[in-house]
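Novice: Below you will find the structure I want to go over with you.
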Amino acid sequence: MIELNHVHKVYRGDWVALNDVSFAIGKGEFAFIVGPSGAGKSTLLRLLYIEERPTNGTVVVVGFDTARIKREEIPLLRRKLGVVFQDVKLLPDRNAYENVAFALEVTGVRRSEVRSRALDALGAVGMRHKWDALPYQLSAGEQQKVALARAIAREPVVLLADEPTGNIDEDGAREIVGLLADINARGTAVVMATHDFSIVEKTSSRVIYLDSGEIRGEERSVGGIGHR
Amino acid sequence: MNPGAGYALREGLRLLRHNRALSSISVGTIAVSLVFFGVFLIATVHLGGLIDWFREKVEIRVILDERFRADDAPALEERILSLMGVEQATFVSREQALEELRHGLGEDADVIDILDENPLPPSFRVEVFDAYQSPEHMASLGQKLSLFPGVVEVDYGEPWIVRLSRMVRTLIIVDVVLGIIVAASSIFVVSNTIRLAALARRDVIEIMQLVGATDSLVRSPFLVEGSVQGLLGGTIAAAVTALLYHVTISHLGGEPAVRPELFVLLIVFGTVLGLIGSGFSLRKIV
Ligand SMILES: Nc1ncnc2c1ncn2[C@@H]1O[C@H](COP(=O)(O)OP(=O)(O)O)[C@@H](O)[C@H]1O
Ligand SMILES: [Mg+2]
């Protein structure tokens, strides 16, 4: 599903953001990438949706090798992914429904299907009742749920979440992580990056620790932060 | 209709409405530049037409000595006809010349009766085949004719034609230069308008790319916006130019020589410039 082999990412000639990173994430898996700010988490995710290319090493995502993928193929890859961010990136002049429907309309989903799929996605994150609210009328947590609905409306194979709880209070954050778990339970692999160690303290999911661009440890079992 | 095309059109027209103020600057610039271009094109067409008109009348007037006798005319005619490119040579006696003048003056012919004697010299009218009407050949013909006995002067409309064709040639160069300036300025203005429109909608572009919209779909509304600006500018220019032309023709009289295709050309030109301008601005953004 996702495979990184000895990936290096160097910015502006000399800043090493990722140093020899290798790991694989399987179909339907849930993985946290945890590390302090500046560790390279966002860079890692950007490599996965090919916003960036690795300086060295190979990245393979849902069958596309990023070293060989052509520019015209990137949209095809992204249609198999869902991505959410700390700043939710909702379009401010469109309501919740329109934001979700837009993503479907511009990726070739038939008009007759857009409506039901957008409403289903909003339902899956518990936001169907607020379908006509504009982003500014929603709380940060609710905005993130709409963004999640947009990301899953195409039923992606992998969902990438970069600090999705960054702007949200503790309860809201727990709710978002719960939704990610629900989405994962329906078969979508989820990769969530966060600097918030408390979120992963009690998780039973896989946790990859990243610091200064290097993998510092990994955990798969139930329990706290465990080994380093 | 292709759903992508529907999206492009809908969003493109929405952009145009949203950026009314900026768009009208684009449209205005294109319209004004194309009016200038159109006016020069029309001037070129008309001058070119004038040349053809002159060219049809190309004839050389060989003025003869007053004492030239009509008996010698056939011999000279033969020599003239032997020159390359000469189609016909007609002797015009002094009397015939006076008669022609009288005819040409019409009602004012009375003035001729005031004259004691006929002031007109005998002459030959020499017509030249179309293919031999180049300025160079006309000059060499004139040179040869002037050497024949009894010839006083060789008179041909050539300098006029030469001057005219030089003017037309200059005008065509002006047209090309003007066309380039019009194209460059229109592309410049449209690309700036579209760049601003695209920057204002960076969030939409970012989302589209993120969810997997193709680059061409991301660009399409902006290409529509730019083309429509060009189309509007071109249409306004065509209408204004056609109106100016109509007014000028009806004031000065004369035959309209310009075909309607010229105005269609202005519209097409404007649209293409709009398209190129918007495509240009998007290269750096999408
Ligand atoms: N586009 C960029 N150009 C230069 N340096 C960058 C760029 N993006 C990130 N970096 C640097 O790379 C390092 C990792 O950044 P990032 O991946 O955003 O970390 P994280 O998401 O874990 O906070 C940081 O030191 C950051 O300053
Ligand atoms: Mg980050």
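Ordering of the structure tokens sets the chain letters (A, B, ...), residue numbers begin anew at 1 in every chain, and ligands are numbered from 1 in the order given.
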Would you name the residues within 9 Å of ligand 2, counting only C-alpha atoms and all ligand atoms, and put them as a ChimeraX atom specification?
Specialist: /A:37-43,45,86,162-163,193-195
Novice: I need the chain B residues near chain A as a list in words; criterion: at most 9 Å, counting only C-alpha atoms.
Specialist: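 The answer, sorted by residue number, is Pro3, Gly4, Tyr7, Asp203, Val204, Glu206, Ile207, Met208, Gln209, Leu210, Val211, Gly212, Ala213, Thr214, Asp215, Leu217 and Val218 of chain B.
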Novice: Name all residues at most 12 Å from A:Gly35 (count only C-alpha atoms; drop same-chain ones fewer than 5 positions away) and give them as a PyMOL selection string.
Specialist: chain A and resi 40-42+44+162-163+192-200+207-218+225+228
Novice: Please compute the atom CA of A:Arg94-atom CA of A:Tyr136 distance, one decimal, in Å.
Specialist: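 Interatomic distance here is 10.2 Å.
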Novice: Work out how far apart atom CA of B:Leu273 and atom CA of B:Asp175 are and give it in Å to one decimal.
Specialist: 16.5 Å
Novice: Closest to A:Glu201 among A:Glu219, A:Met127, A:Phe30, A:Ala189, using only C-alpha atoms?
Specialist: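 For A:Glu201, the nearest of the given residues is A:Glu219.
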Novice: Which distance in Å separates atom CA of A:Glu29 and atom CA of A:Phe64, to one decimal?
Specialist: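 Value for the atom CA of A:Glu29-atom CA of A:Phe64 distance: 18.4 Å.
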Novice: Need the shell around A:Asn5: protein/DNA/RNA residues with any atom at most 8 Å away, counting only C-alpha atoms. Skip same-chain ones fewer than 5 positions apart. Format as a list of chain:residue names?
Specialist: A:Asp20, A:Val21, A:Ser22, A:Phe23, A:Gly57, A:Thr58, A:Val59
Novice: With only C-alpha atoms as the counted atoms, please give the residues lying no more than 10 Å from B:Gly150, apart from itself and same-chain residues fewer than 2 positions off, as an MDAnalysis selection string.
Specialist: chainID B and resid 62:69 72 76 123 146:148 152:153
